[in-house]
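Have a look at my_file_15.txt below; it lists compact mmCIF, C-alpha atoms and all ligand atoms.
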# COMPACT_ATOMS: atom_id res chain seq x y z
CA MET A 211 1.18 -5.61 -81.58
CA SER A 212 4.74 -4.81 -82.62
CA GLU A 213 7.67 -5.76 -80.44
CA GLU A 214 8.28 -2.10 -79.71
CA GLN A 215 4.71 -1.55 -78.56
CA ILE A 216 4.97 -4.52 -76.22
CA LYS A 217 8.27 -3.23 -74.81
CA ASN A 218 6.58 0.08 -74.19
CA LEU A 219 3.58 -1.49 -72.47
CA GLU A 220 5.90 -3.60 -70.34
CA LYS A 221 7.79 -0.52 -69.26
CA GLN A 222 4.58 1.27 -68.27
CA PHE A 223 3.44 -1.86 -66.48
CA GLU A 224 6.61 -2.12 -64.40
CA GLU A 225 6.33 1.57 -63.56
CA ARG A 226 2.77 1.14 -62.31
CA ILE A 227 3.90 -1.61 -59.94
CA ALA A 228 6.88 0.43 -58.80
CA ARG A 229 4.42 3.24 -57.93
CA ASP A 230 2.53 0.70 -55.78
CA GLU A 231 -0.45 0.60 -58.12
CA LYS A 232 -2.37 -2.66 -58.11
CA ILE A 233 -2.90 -4.73 -61.24
CA GLU A 234 -6.48 -5.90 -61.77
CA PRO A 235 -7.69 -8.89 -63.81
CA LYS A 236 -8.70 -7.08 -67.01
CA ASP A 237 -5.60 -4.88 -67.14
CA TRP A 238 -2.98 -5.56 -69.76
CA MET A 239 -0.14 -7.64 -68.30
CA PRO A 240 2.99 -9.32 -69.67
CA GLU A 241 2.47 -13.01 -70.40
CA LYS A 242 5.22 -13.83 -67.95
CA TYR A 243 3.44 -11.98 -65.17
CA ARG A 244 0.26 -13.93 -65.86
CA LYS A 245 2.07 -17.29 -65.99
CA THR A 246 4.16 -16.66 -62.89
CA HIS A 247 1.09 -15.64 -60.94
CA ILE A 248 -0.95 -18.61 -62.11
CA ARG A 249 1.88 -20.88 -61.01
CA GLN A 250 2.47 -19.33 -57.61
CA MET A 251 -1.18 -18.70 -56.74
CA SER A 252 -2.40 -22.14 -57.80
CA GLN A 253 0.43 -23.82 -55.88
CA HIS A 254 -0.56 -21.78 -52.90
CA ALA A 255 -4.20 -22.88 -53.29
CA HIS A 256 -3.15 -26.53 -53.68
CA SER A 257 -1.09 -26.28 -50.49
CA GLU A 258 -4.10 -25.06 -48.52
CA ILE A 259 -6.22 -27.92 -49.85
CA VAL A 260 -3.66 -30.72 -49.41
CA GLY A 261 -2.76 -29.16 -46.07
CA MET A 262 -6.14 -30.23 -44.72
CA LEU A 263 -5.21 -33.91 -44.98
CA PRO A 264 -2.53 -34.27 -42.26
CA GLU A 265 -4.73 -32.46 -39.72
CA GLY A 266 -7.99 -33.99 -40.88
CA ASN A 267 -6.36 -37.24 -39.77
CA TRP A 268 -6.83 -36.23 -36.10
CA ILE A 269 -10.25 -34.56 -36.01
CA THR A 270 -12.11 -37.66 -34.84
CA ARG A 271 -9.43 -38.40 -32.24
CA ALA A 272 -9.01 -34.96 -30.69
CA PRO A 273 -8.64 -35.37 -26.90
CA SER A 274 -11.49 -33.05 -25.91
CA LEU A 275 -14.45 -31.25 -27.43
CA ARG A 276 -12.62 -27.93 -27.09
CA ARG A 277 -9.69 -29.26 -29.12
CA LYS A 278 -12.02 -30.87 -31.61
CA VAL A 279 -14.04 -27.75 -32.45
CA ALA A 280 -10.83 -25.72 -32.75
CA LEU A 281 -9.15 -28.22 -35.08
CA LEU A 282 -12.31 -28.58 -37.14
CA ALA A 283 -12.58 -24.79 -37.48
CA LYS A 284 -8.92 -24.56 -38.47
CA VAL A 285 -9.20 -27.24 -41.13
CA GLN A 286 -12.37 -25.56 -42.44
CA ASP A 287 -10.44 -22.27 -42.65
CA GLU A 288 -7.78 -23.98 -44.76
CA ALA A 289 -10.52 -25.12 -47.17
CA GLY A 290 -11.64 -21.49 -47.29
CA HIS A 291 -8.09 -20.31 -47.99
CA GLY A 292 -7.85 -22.78 -50.86
CA LEU A 293 -11.13 -21.49 -52.29
CA TYR A 294 -10.22 -17.79 -52.01
CA LEU A 295 -6.98 -18.52 -53.80
CA TYR A 296 -8.47 -20.73 -56.53
CA SER A 297 -11.04 -18.08 -57.39
CA ALA A 298 -8.37 -15.35 -57.37
CA THR A 299 -6.29 -17.49 -59.75
CA GLU A 300 -9.26 -18.01 -62.06
CA THR A 301 -9.30 -14.25 -62.71
CA LEU A 302 -6.06 -14.82 -64.68
CA GLY A 303 -7.86 -16.99 -67.19
CA ILE A 304 -7.22 -20.54 -66.00
CA SER A 305 -10.23 -22.71 -65.08
CA ARG A 306 -10.72 -24.46 -61.76
CA ASP A 307 -10.76 -27.77 -63.60
CA GLU A 308 -7.40 -27.13 -65.24
CA MET A 309 -5.90 -26.36 -61.86
CA TYR A 310 -7.31 -29.55 -60.32
CA GLU A 311 -6.03 -31.47 -63.31
CA GLN A 312 -2.52 -30.04 -62.76
CA LEU A 313 -2.61 -30.97 -59.09
CA HIS A 314 -3.96 -34.46 -59.67
CA THR A 315 -1.49 -35.33 -62.39
CA GLY A 316 1.44 -34.03 -60.34
CA LYS A 317 2.18 -31.25 -62.82
CA ALA A 318 1.57 -28.63 -60.12
CA LYS A 319 3.34 -28.73 -56.79
CA TYR A 320 2.10 -28.01 -53.29
CA SER A 321 4.08 -27.27 -50.15
CA SER A 322 6.34 -30.22 -49.34
CA ILE A 323 5.65 -29.95 -45.62
CA PHE A 324 2.36 -31.78 -46.12
CA ASN A 325 4.19 -34.89 -47.25
CA TYR A 326 5.16 -35.70 -43.67
CA PRO A 327 2.94 -37.95 -41.54
CA THR A 328 0.99 -36.88 -38.45
CA VAL A 329 1.63 -39.74 -36.07
CA THR A 330 0.61 -38.33 -32.66
CA TRP A 331 -1.77 -35.72 -31.28
CA ALA A 332 1.23 -33.49 -30.54
CA ASP A 333 1.69 -33.14 -34.29
CA MET A 334 -1.47 -31.00 -34.31
CA GLY A 335 0.30 -28.69 -31.89
CA ALA A 336 3.55 -28.64 -33.86
CA ILE A 337 1.78 -28.00 -37.16
CA GLY A 338 -0.24 -25.06 -35.85
CA TRP A 339 2.72 -23.55 -34.07
CA LEU A 340 5.49 -24.16 -36.61
CA VAL A 341 3.89 -24.84 -39.99
CA ASP A 342 1.25 -22.14 -39.72
CA GLY A 343 3.88 -19.94 -38.08
CA ALA A 344 6.19 -20.30 -41.08
CA ALA A 345 3.22 -19.87 -43.43
CA ILE A 346 2.34 -16.56 -41.75
CA ILE A 347 5.89 -15.31 -42.27
CA ASN A 348 5.62 -16.22 -45.95
CA GLN A 349 2.13 -14.77 -46.34
CA VAL A 350 2.14 -11.44 -44.52
CA PRO A 351 4.29 -9.68 -47.16
CA LEU A 352 1.89 -10.96 -49.84
CA CYS A 353 -0.96 -8.82 -48.43
CA ASN A 354 0.84 -6.05 -50.31
CA THR A 355 1.58 -7.89 -53.52
CA SER A 356 0.94 -6.24 -56.88
CA TYR A 357 -1.90 -8.40 -58.18
CA GLY A 358 -5.12 -7.09 -56.63
CA PRO A 359 -7.11 -10.34 -56.30
CA TYR A 360 -4.11 -12.13 -54.74
CA ALA A 361 -3.48 -9.31 -52.26
CA ARG A 362 -7.15 -9.23 -51.24
CA ALA A 363 -7.25 -13.00 -50.76
CA MET A 364 -4.08 -12.85 -48.67
CA ILE A 365 -5.52 -10.19 -46.37
CA ARG A 366 -8.42 -12.51 -45.52
CA VAL A 367 -6.04 -15.47 -45.12
CA CYS A 368 -3.66 -13.60 -42.81
CA LYS A 369 -6.51 -12.44 -40.57
CA GLU A 370 -7.53 -16.05 -40.07
CA GLU A 371 -4.09 -17.56 -39.61
CA SER A 372 -3.22 -16.16 -36.23
CA PHE A 373 -5.80 -18.32 -34.45
CA HIS A 374 -4.26 -21.35 -36.18
CA GLN A 375 -0.87 -20.67 -34.73
CA ARG A 376 -2.18 -19.87 -31.28
CA GLN A 377 -4.28 -23.03 -31.01
CA GLY A 378 -1.20 -25.04 -32.02
CA TYR A 379 1.05 -23.39 -29.49
CA GLU A 380 -1.58 -23.91 -26.80
CA ILE A 381 -1.64 -27.64 -27.56
CA MET A 382 2.16 -27.78 -27.26
CA MET A 383 2.15 -25.76 -24.06
CA LYS A 384 -0.44 -28.02 -22.45
CA LEU A 385 1.51 -31.16 -23.39
CA ALA A 386 4.84 -29.67 -22.34
CA ASN A 387 3.39 -28.92 -18.90
CA GLY A 388 1.73 -32.34 -18.64
CA THR A 389 2.97 -35.79 -17.62
CA PRO A 390 6.52 -36.81 -18.61
CA GLU A 391 5.00 -38.91 -21.41
CA GLN A 392 3.04 -35.93 -22.70
CA LYS A 393 6.09 -33.70 -22.58
CA GLU A 394 8.07 -36.33 -24.45
CA MET A 395 5.35 -36.46 -27.08
CA ALA A 396 5.55 -32.68 -27.55
CA GLN A 397 9.35 -32.80 -27.79
CA ASP A 398 9.18 -35.63 -30.32
CA ALA A 399 6.77 -33.63 -32.49
CA LEU A 400 9.05 -30.59 -32.32
CA ASN A 401 12.01 -32.80 -33.28
CA ARG A 402 10.23 -34.08 -36.37
CA TRP A 403 8.65 -30.80 -37.56
CA TRP A 404 11.46 -28.32 -36.86
CA TRP A 405 13.66 -28.94 -39.88
CA PRO A 406 10.85 -29.41 -42.42
CA SER A 407 9.39 -26.11 -41.15
CA LEU A 408 12.68 -24.33 -41.82
CA MET A 409 12.67 -25.82 -45.32
CA MET A 410 9.17 -24.39 -45.89
CA LEU A 411 10.72 -20.96 -46.23
CA GLY A 412 12.31 -22.12 -49.47
CA PRO A 413 15.78 -22.98 -50.81
CA THR A 414 18.72 -20.84 -49.76
CA ASP A 415 19.15 -17.58 -51.63
CA ALA A 416 22.13 -18.94 -53.53
CA GLU A 417 19.91 -21.63 -55.06
CA SER A 418 16.65 -19.87 -55.50
CA ILE A 419 15.77 -18.80 -59.02
CA HIS A 420 13.57 -15.90 -60.17
CA THR A 421 13.89 -14.00 -56.91
CA GLU A 422 14.72 -10.69 -58.54
CA GLN A 423 11.69 -10.69 -60.80
CA SER A 424 9.50 -11.76 -57.89
CA MET A 425 10.82 -8.90 -55.79
CA LYS A 426 9.88 -6.43 -58.54
CA TRP A 427 6.36 -7.80 -58.77
CA LYS A 428 6.10 -7.88 -54.97
CA LEU A 429 5.53 -11.61 -54.95
CA LYS A 430 8.43 -11.57 -52.60
CA ARG A 431 9.69 -8.80 -50.36
CA LYS A 432 12.42 -10.53 -48.39
CA SER A 433 14.74 -13.33 -49.40
CA ASN A 434 14.14 -16.91 -48.23
CA ASP A 435 17.15 -16.78 -45.91
CA ASP A 436 15.92 -13.56 -44.29
CA LEU A 437 12.48 -15.04 -43.75
CA ARG A 438 14.03 -18.18 -42.28
CA GLN A 439 16.12 -16.14 -39.86
CA GLN A 440 13.03 -14.20 -38.83
CA PHE A 441 11.17 -17.45 -38.18
CA ILE A 442 13.99 -18.90 -36.10
CA ASP A 443 14.47 -15.74 -34.07
CA GLN A 444 10.82 -15.56 -33.18
CA THR A 445 10.31 -19.27 -32.52
CA VAL A 446 13.29 -20.18 -30.34
CA PRO A 447 12.15 -18.06 -27.36
CA GLN A 448 8.67 -19.59 -27.68
CA ALA A 449 10.17 -23.07 -27.35
CA ASP A 450 12.25 -21.94 -24.36
CA LEU A 451 9.17 -20.54 -22.70
CA ILE A 452 7.43 -23.93 -22.59
CA GLY A 453 10.58 -25.89 -21.81
CA LEU A 454 11.05 -27.62 -25.17
CA THR A 455 14.41 -27.94 -26.90
CA ILE A 456 14.99 -27.01 -30.54
CA PRO A 457 16.64 -30.07 -32.12
CA ASP A 458 19.71 -28.25 -33.38
CA PRO A 459 23.00 -28.61 -31.46
CA ASP A 460 24.49 -25.69 -33.40
CA LEU A 461 21.75 -23.26 -32.43
CA LYS A 462 23.34 -20.36 -30.60
CA TRP A 463 22.54 -16.71 -29.89
CA ASN A 464 24.85 -14.43 -31.79
CA GLU A 465 25.27 -11.24 -29.79
CA GLU A 466 26.85 -9.36 -32.64
CA ARG A 467 24.13 -10.17 -35.20
CA GLN A 468 21.38 -10.06 -32.55
CA SER A 469 20.10 -13.26 -34.14
CA TYR A 470 20.44 -17.01 -33.74
CA ASP A 471 23.10 -18.95 -35.61
CA PHE A 472 21.81 -22.34 -36.66
CA GLY A 473 23.01 -25.65 -38.09
CA ASP A 474 23.01 -26.91 -41.68
CA ILE A 475 19.72 -27.80 -43.29
CA ASP A 476 19.56 -31.15 -45.09
CA TRP A 477 18.65 -29.86 -48.54
CA ASP A 478 18.94 -33.35 -50.04
CA GLU A 479 15.95 -34.33 -47.98
CA PHE A 480 14.07 -31.25 -49.16
CA TRP A 481 14.67 -32.00 -52.85
CA GLN A 482 13.82 -35.66 -52.36
CA VAL A 483 10.43 -34.70 -50.94
CA VAL A 484 9.85 -32.10 -53.66
CA LYS A 485 10.57 -34.77 -56.27
CA GLY A 486 7.88 -36.99 -54.77
CA HIS A 487 9.90 -39.26 -52.49
CA GLY A 488 8.65 -37.93 -49.16
CA PRO A 489 7.01 -40.29 -46.69
CA MET A 490 3.45 -39.31 -47.64
CA ASN A 491 3.51 -37.96 -51.23
CA LYS A 492 1.70 -40.95 -52.70
CA GLU A 493 -0.78 -41.15 -49.85
CA ARG A 494 -1.71 -37.46 -50.12
CA MET A 495 -2.33 -37.62 -53.85
CA LYS A 496 -4.30 -40.82 -53.48
CA ALA A 497 -6.56 -39.20 -50.89
CA ARG A 498 -6.99 -36.01 -52.92
CA VAL A 499 -7.66 -37.70 -56.28
CA GLY A 500 -9.87 -40.25 -54.52
CA ALA A 501 -12.03 -37.53 -52.97
CA TRP A 502 -12.40 -35.85 -56.36
CA GLU A 503 -13.40 -39.07 -58.11
CA VAL A 504 -15.74 -40.33 -55.40
CA GLY A 505 -17.45 -36.93 -55.38
CA GLU A 506 -18.05 -36.85 -59.11
CA TRP A 507 -21.59 -38.27 -59.01
CA VAL A 508 -22.56 -35.69 -56.39
CA ARG A 509 -21.33 -32.83 -58.56
CA ASP A 510 -23.10 -34.25 -61.59
CA ALA A 511 -26.34 -34.81 -59.67
CA ALA A 512 -26.30 -31.25 -58.31
CA MET A 513 -25.82 -29.88 -61.82
CA ALA A 514 -28.56 -32.09 -63.28
CA TYR A 515 -30.93 -30.97 -60.52
CA ALA A 516 -30.11 -27.30 -61.12
CA ASP A 517 -30.70 -27.70 -64.88
CA LYS A 518 -34.00 -29.43 -64.29
CA LYS A 519 -35.22 -26.73 -61.92
CA GLN A 520 -34.24 -24.09 -64.45
CA GLU A 521 -36.10 -25.91 -67.25
CA ARG A 522 -39.21 -26.18 -65.14
CA LYS A 523 -39.06 -22.47 -64.36
CA GLU A 524 -38.74 -21.62 -68.05
CA LYS A 525 -41.72 -23.85 -68.93
CA GLN A 526 -43.88 -22.12 -66.36
CA VAL A 527 -43.09 -18.74 -67.89
CA VAL A 528 -44.30 -19.92 -71.32
CA MET B 245 -17.97 -35.82 -66.26
CA SER B 246 -20.93 -33.78 -67.44
CA LYS B 247 -21.00 -30.02 -66.96
CA ASN B 248 -18.88 -27.90 -64.62
CA TRP B 249 -20.52 -25.84 -61.91
CA PRO B 250 -20.70 -22.22 -63.04
CA LEU B 251 -18.87 -19.36 -61.34
CA TRP B 252 -20.72 -16.90 -59.07
CA GLU B 253 -19.66 -13.51 -57.75
CA ILE B 254 -20.36 -12.96 -54.07
CA PHE B 255 -21.40 -9.64 -52.51
CA VAL B 256 -21.72 -9.29 -48.75
CA ARG B 257 -23.24 -6.57 -46.59
CA SER B 258 -21.12 -6.55 -43.42
CA LYS B 259 -23.76 -4.79 -41.37
CA ASN B 260 -26.91 -2.81 -41.89
CA GLY B 261 -26.13 0.69 -42.99
CA LEU B 262 -23.26 -0.46 -45.23
CA GLU B 263 -23.46 -1.42 -48.89
CA HIS B 264 -22.91 -4.90 -50.28
CA ARG B 265 -19.28 -5.27 -51.24
CA HIS B 266 -17.62 -7.75 -53.61
CA PHE B 267 -15.98 -10.48 -51.50
CA GLY B 268 -14.83 -12.92 -54.15
CA SER B 269 -16.27 -15.74 -56.20
CA LEU B 270 -17.05 -19.44 -56.00
CA HIS B 271 -18.50 -22.32 -57.98
CA ALA B 272 -21.99 -23.69 -57.35
CA ALA B 273 -24.62 -25.62 -59.31
CA ASP B 274 -27.35 -23.00 -58.73
CA ALA B 275 -28.13 -19.78 -56.90
CA GLU B 276 -29.33 -21.51 -53.77
CA MET B 277 -26.13 -23.52 -53.46
CA ALA B 278 -24.10 -20.40 -54.22
CA LEU B 279 -25.73 -18.68 -51.24
CA GLU B 280 -25.07 -21.64 -48.95
CA ASN B 281 -21.46 -21.95 -50.09
CA ALA B 282 -20.93 -18.20 -49.80
CA ARG B 283 -22.13 -18.41 -46.19
CA ASP B 284 -19.44 -21.05 -45.46
CA VAL B 285 -16.63 -19.59 -47.54
CA TYR B 286 -16.97 -15.87 -46.86
CA THR B 287 -18.85 -15.40 -43.56
CA ARG B 288 -17.39 -17.89 -41.08
CA ARG B 289 -16.70 -15.10 -38.58
CA ASN B 290 -19.81 -12.93 -38.72
CA GLU B 291 -18.52 -10.96 -41.69
CA GLY B 292 -22.03 -10.49 -43.05
CA VAL B 293 -25.74 -9.96 -42.49
CA SER B 294 -26.81 -10.26 -46.12
CA ILE B 295 -25.41 -11.98 -49.22
CA TRP B 296 -26.04 -11.41 -52.93
CA VAL B 297 -24.91 -13.94 -55.52
CA VAL B 298 -24.72 -13.19 -59.24
CA GLU B 299 -23.62 -15.62 -61.89
CA SER B 300 -20.35 -14.17 -63.20
CA LYS B 301 -21.39 -14.43 -66.85
CA ASN B 302 -24.16 -11.90 -66.17
CA ILE B 303 -21.77 -9.13 -65.22
CA THR B 304 -20.78 -6.64 -67.91
CA ALA B 305 -17.51 -4.94 -67.09
CA SER B 306 -15.89 -1.86 -68.60
CA ASN B 307 -12.67 -2.47 -70.46
CA PRO B 308 -9.57 -0.88 -68.86
CA GLU B 309 -8.19 -0.27 -72.35
CA HIS B 310 -10.99 2.26 -72.82
CA ASN B 311 -10.38 3.97 -69.50
CA GLY B 312 -9.31 7.12 -71.34
CA GLU B 313 -12.57 7.83 -73.14
CA MET B 314 -14.51 6.36 -70.20
CA PHE B 315 -13.12 8.31 -67.26
CA GLU B 316 -10.91 11.14 -68.49
CA PRO B 317 -13.82 13.46 -69.40
CA ALA B 318 -14.42 13.92 -65.67
CA GLN B 319 -10.87 15.13 -65.09
CA ASP B 320 -11.22 18.66 -66.46
CA LYS B 321 -14.57 19.36 -64.78
CA VAL B 322 -13.02 21.13 -61.83
CA TYR B 323 -16.18 23.23 -61.49
CA ARG B 324 -17.87 20.14 -60.06
CA HIS B 325 -15.88 20.59 -56.88
CA PRO B 326 -16.56 23.17 -54.15
CA THR B 327 -12.98 24.43 -54.14
CA PHE B 328 -13.50 25.84 -57.66
CA TYR B 329 -15.54 28.71 -56.27
CA ASP B 330 -13.89 31.79 -54.73
CA LEU B 331 -15.71 33.25 -51.79
CA PRO B 332 -14.68 36.00 -49.37
CA ASP B 333 -13.02 34.74 -46.20
CA GLU B 334 -15.81 36.30 -44.14
CA VAL B 335 -18.29 33.69 -45.39
CA LYS B 336 -18.28 30.85 -42.90
CA HIS B 337 -19.88 27.42 -43.14
CA MET B 338 -20.43 27.14 -46.87
FE FE C 601 -4.13 -21.40 -44.59
FE FE C 602 -3.49 -22.04 -41.33
Will you turn the file into structure tokens for me?
Amino acid sequence: MSEEQIKNLEKQFEERIARDEKIEPKDWMPEKYRKTHIRQMSQHAHSEIVGMLPEGNWITRAPSLRRKVALLAKVQDEAGHGLYLYSATETLGISRDEMYEQLHTGKAKYSSIFNYPTVTWADMGAIGWLVDGAAIINQVPLCNTSYGPYARAMIRVCKEESFHQRQGYEIMMKLANGTPEQKEMAQDALNRWWWPSLMMLGPTDAESIHTEQSMKWKLKRKSNDDLRQQFIDQTVPQADLIGLTIPDPDLKWNEERQSYDFGDIDWDEFWQVVKGHGPMNKERMKARVGAWEVGEWVRDAAMAYADKKQERKEKQVV
Amino acid sequence: MSKNWPLWEIFVRSKNGLEHRHFGSLHAADAEMALENARDVYTRRNEGVSIWVVESKNITASNPEHNGEMFEPAQDKVYRHPTFYDLPDEVKHM
């Protein structure tokens, strides 16, 4: 194809998206569109999968059967989210194995929030409430994104997320209304998860690259700072309601903006964790790679069994 | 590492009276495992009463680059639609 032809196709492509048409796997697409989507979608899938680890840590120690079935169901949903997203990404021509390889070698990133430890039961509450809460804010606009398989996967994900957030908030509410020790535990979890949750919404607009292109392709509809403000404005009253204090001395209602002003985010910490120096980066990768390696003989055995059954079937036909 | 699990396309009937609809795909060693995995991945909340699995390599898809010759011929066949036919206003229910 000549350069002019490609330019022309690109122009038509951008117009289709601007008209709100969806792009489907076999449609022509610019290489950059394919690459950007593979990167964002696979990172999203990796985040769902690695995101099971901090919560999986507490399944066997949940304080009641009710909490245990809920946490188990939530973690199972996250596995499902990972799988929807991996298979949607595969439609762009990358194999599942390549994606795993990228995750396991550290070439692909996942959400930094999962590199923090879950040290008490209250962390299950804080994660559901804040981490899933921030994830929902990031994900809802993606239900309308331009790539069909991604949009469809996100619609299923978003439907399932709201229970995650509610079960988390319920845990926090119960603890906050409990003994002084329980309330302290809830406050401590909020103190530790608040700032990392704000960072989940991404670097400030001034520092975030490729936003304009992402807006065009509907991979993004609002800027990181707008999403962060939305998250803060919706979460602060929820904390007030259960008598917990947001750990930010500069947090203040701004009558004029009809929004909360908030303190400075420690972006050095954010970039440190992104670069692999968070408290749990090594541990998470060790667990993930370990599970993949320990499971290898099971995958091989299942495949060998399937081949053998197939062979036997073919012999019978003859 | 021997062979990777193949990819399967999953179709789910949400309730009797509705058709099976494409829900997504997954990897499994064989059809039986694909059904079991599809149950766990795509119907955790009663989304289905029946599941079909088809190995992806067995699907033949039309090529969007040929959409012109494939689908445009239907565009000028307006006489296939009821509104093409002029009837007097007095005729009701037709
Ligand atoms: Fe999720
Ligand atoms: Fe979730």
Which residue of A:Gln286, A:Gln377, A:Asn387, A:Asn354 approaches ligand FE 601 (chain C) most closely, using only C-alpha atoms and all ligand atoms:
A:Gln286
Can you tell me which residues sit at most 7 Å away from ligand FE 601 (chain C), counting only C-alpha atoms and all ligand atoms, written as a JSON list (two decimals) with C-alpha atoms, in the frame of the given file?
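In the end it all went to out-v3.json:
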[["chain", "number", "residue", "atom", "x", "y", "z"],
["A", 258, "GLU", "CA", -4.10, -25.06, -48.52],
["A", 287, "ASP", "CA", -10.44, -22.27, -42.65],
["A", 288, "GLU", "CA", -7.78, -23.98, -44.76],
["A", 291, "HIS", "CA", -8.09, -20.31, -47.99],
["A", 367, "VAL", "CA", -6.04, -15.47, -45.12],
["A", 371, "GLU", "CA", -4.09, -17.56, -39.61]]
With all atoms listed in the file as the basis for distance, which of B:Lys247, B:His310, B:Lys321, B:Arg283 is at the shortest distance from chain A?
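Once distances to chain A are computed over all atoms listed in the file, the minimum belongs to B:Lys247.
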Selection as a ChimeraX atom specification: residues within 10 Å of ligand FE 602 (chain C) by all atoms listed in the file:
/A:258,261-262,284-289,291,337-339,341-346,367-368,370-375
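The space separating atom CA of Thr455 of chain A from atom CA of Gly378 of chain A comes to 16.7 Å.
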Contact residues around Thr330 of chain A with only C-alpha atoms at 12 Å, ignoring same-chain residues under 4 positions, as a PyMOL selection string
chain A and resi 264-265+267-269+271-273+334-337+382+385+392+394-400+402
Could you list, with a cut-off of 12 Å and counting only C-alpha atoms, the residues of chain B near chain A, each shown with its nearest atom pair and the distance in Å rounded to one decimal, rows sorted by chain and ascending number, as JSON lines?
{"residue": "B:Met245", "atom": "CA", "partner": "A:Asp510", "partner_atom": "CA", "distance": 7.1}
{"residue": "B:Ser246", "atom": "CA", "partner": "A:Asp510", "partner_atom": "CA", "distance": 6.3}
{"residue": "B:Lys247", "atom": "CA", "partner": "A:Met513", "partner_atom": "CA", "distance": 7.0}
{"residue": "B:Asn248", "atom": "CA", "partner": "A:Met513", "partner_atom": "CA", "distance": 7.7}
{"residue": "B:Trp249", "atom": "CA", "partner": "A:Met513", "partner_atom": "CA", "distance": 6.7}
{"residue": "B:Pro250", "atom": "CA", "partner": "A:Met513", "partner_atom": "CA", "distance": 9.3}
{"residue": "B:Leu251", "atom": "CA", "partner": "A:Ser297", "partner_atom": "CA", "distance": 8.9}
{"residue": "B:Trp252", "atom": "CA", "partner": "A:Ser297", "partner_atom": "CA", "distance": 9.9}
{"residue": "B:Glu253", "atom": "CA", "partner": "A:Ser297", "partner_atom": "CA", "distance": 9.8}
{"residue": "B:Ile254", "atom": "CA", "partner": "A:Ser297", "partner_atom": "CA", "distance": 11.1}
{"residue": "B:His266", "atom": "CA", "partner": "A:Arg362", "partner_atom": "CA", "distance": 10.8}
{"residue": "B:Phe267", "atom": "CA", "partner": "A:Arg362", "partner_atom": "CA", "distance": 8.9}
{"residue": "B:Gly268", "atom": "CA", "partner": "A:Tyr294", "partner_atom": "CA", "distance": 7.0}
{"residue": "B:Ser269", "atom": "CA", "partner": "A:Ser297", "partner_atom": "CA", "distance": 5.9}
{"residue": "B:Leu270", "atom": "CA", "partner": "A:Ser297", "partner_atom": "CA", "distance": 6.3}
{"residue": "B:His271", "atom": "CA", "partner": "A:Ser297", "partner_atom": "CA", "distance": 8.6}
{"residue": "B:Ala272", "atom": "CA", "partner": "A:Met513", "partner_atom": "CA", "distance": 8.5}
{"residue": "B:Ala273", "atom": "CA", "partner": "A:Met513", "partner_atom": "CA", "distance": 5.1}
{"residue": "B:Asp274", "atom": "CA", "partner": "A:Ala516", "partner_atom": "CA", "distance": 5.6}
{"residue": "B:Ala275", "atom": "CA", "partner": "A:Ala516", "partner_atom": "CA", "distance": 8.8}
{"residue": "B:Glu276", "atom": "CA", "partner": "A:Ala516", "partner_atom": "CA", "distance": 9.4}
{"residue": "B:Met277", "atom": "CA", "partner": "A:Ala512", "partner_atom": "CA", "distance": 9.1}
{"residue": "B:Ala278", "atom": "CA", "partner": "A:Ala516", "partner_atom": "CA", "distance": 11.5}
{"residue": "B:Asn281", "atom": "CA", "partner": "A:Gly290", "partner_atom": "CA", "distance": 10.2}
{"residue": "B:Ala282", "atom": "CA", "partner": "A:Gly290", "partner_atom": "CA", "distance": 10.2}
{"residue": "B:Arg283", "atom": "CA", "partner": "A:Gly290", "partner_atom": "CA", "distance": 11.0}
{"residue": "B:Asp284", "atom": "CA", "partner": "A:Gly290", "partner_atom": "CA", "distance": 8.0}
{"residue": "B:Val285", "atom": "CA", "partner": "A:Gly290", "partner_atom": "CA", "distance": 5.3}
{"residue": "B:Tyr286", "atom": "CA", "partner": "A:Gly290", "partner_atom": "CA", "distance": 7.8}
{"residue": "B:Thr287", "atom": "CA", "partner": "A:Gly290", "partner_atom": "CA", "distance": 10.1}
{"residue": "B:Arg288", "atom": "CA", "partner": "A:Asp287", "partner_atom": "CA", "distance": 8.4}
{"residue": "B:Arg289", "atom": "CA", "partner": "A:Glu370", "partner_atom": "CA", "distance": 9.3}
{"residue": "B:Glu291", "atom": "CA", "partner": "A:Arg366", "partner_atom": "CA", "distance": 10.9}
{"residue": "B:Ser300", "atom": "CA", "partner": "A:Thr301", "partner_atom": "CA", "distance": 11.1}
{"residue": "B:Ala305", "atom": "CA", "partner": "A:Lys236", "partner_atom": "CA", "distance": 9.1}
{"residue": "B:Ser306", "atom": "CA", "partner": "A:Lys236", "partner_atom": "CA", "distance": 9.0}
{"residue": "B:Asn307", "atom": "CA", "partner": "A:Lys236", "partner_atom": "CA", "distance": 7.0}
{"residue": "B:Pro308", "atom": "CA", "partner": "A:Asp237", "partner_atom": "CA", "distance": 5.9}
{"residue": "B:Glu309", "atom": "CA", "partner": "A:Asp237", "partner_atom": "CA", "distance": 7.4}
{"residue": "B:His310", "atom": "CA", "partner": "A:Asp237", "partner_atom": "CA", "distance": 10.6}
{"residue": "B:Asn311", "atom": "CA", "partner": "A:Asp237", "partner_atom": "CA", "distance": 10.3}
As a check of understanding: the span from atom CA of Ile365 of chain A to atom CA of Pro351 of chain A is 9.9 Å
Distance cut-off 7 Å, centre (8.6, -27.7, -24.1) in file coordinates, counting only C-alpha atoms: which residues qualify? Return them as a short mmCIF file (atom, residue, chain, number, x, y, z; two decimals) with C-alpha atoms, keeping the file's coordinate frame.
data_model
loop_
_atom_site.label_atom_id
_atom_site.label_comp_id
_atom_site.auth_asym_id
_atom_site.auth_seq_id
_atom_site.Cartn_x
_atom_site.Cartn_y
_atom_site.Cartn_z
CA MET A 383 2.15 -25.76 -24.06
CA ALA A 386 4.84 -29.67 -22.34
CA LYS A 393 6.09 -33.70 -22.58
CA ALA A 396 5.55 -32.68 -27.55
CA GLN A 397 9.35 -32.80 -27.79
CA ALA A 449 10.17 -23.07 -27.35
CA ASP A 450 12.25 -21.94 -24.36
CA ILE A 452 7.43 -23.93 -22.59
CA GLY A 453 10.58 -25.89 -21.81
CA LEU A 454 11.05 -27.62 -25.17
CA THR A 455 14.41 -27.94 -26.90
#
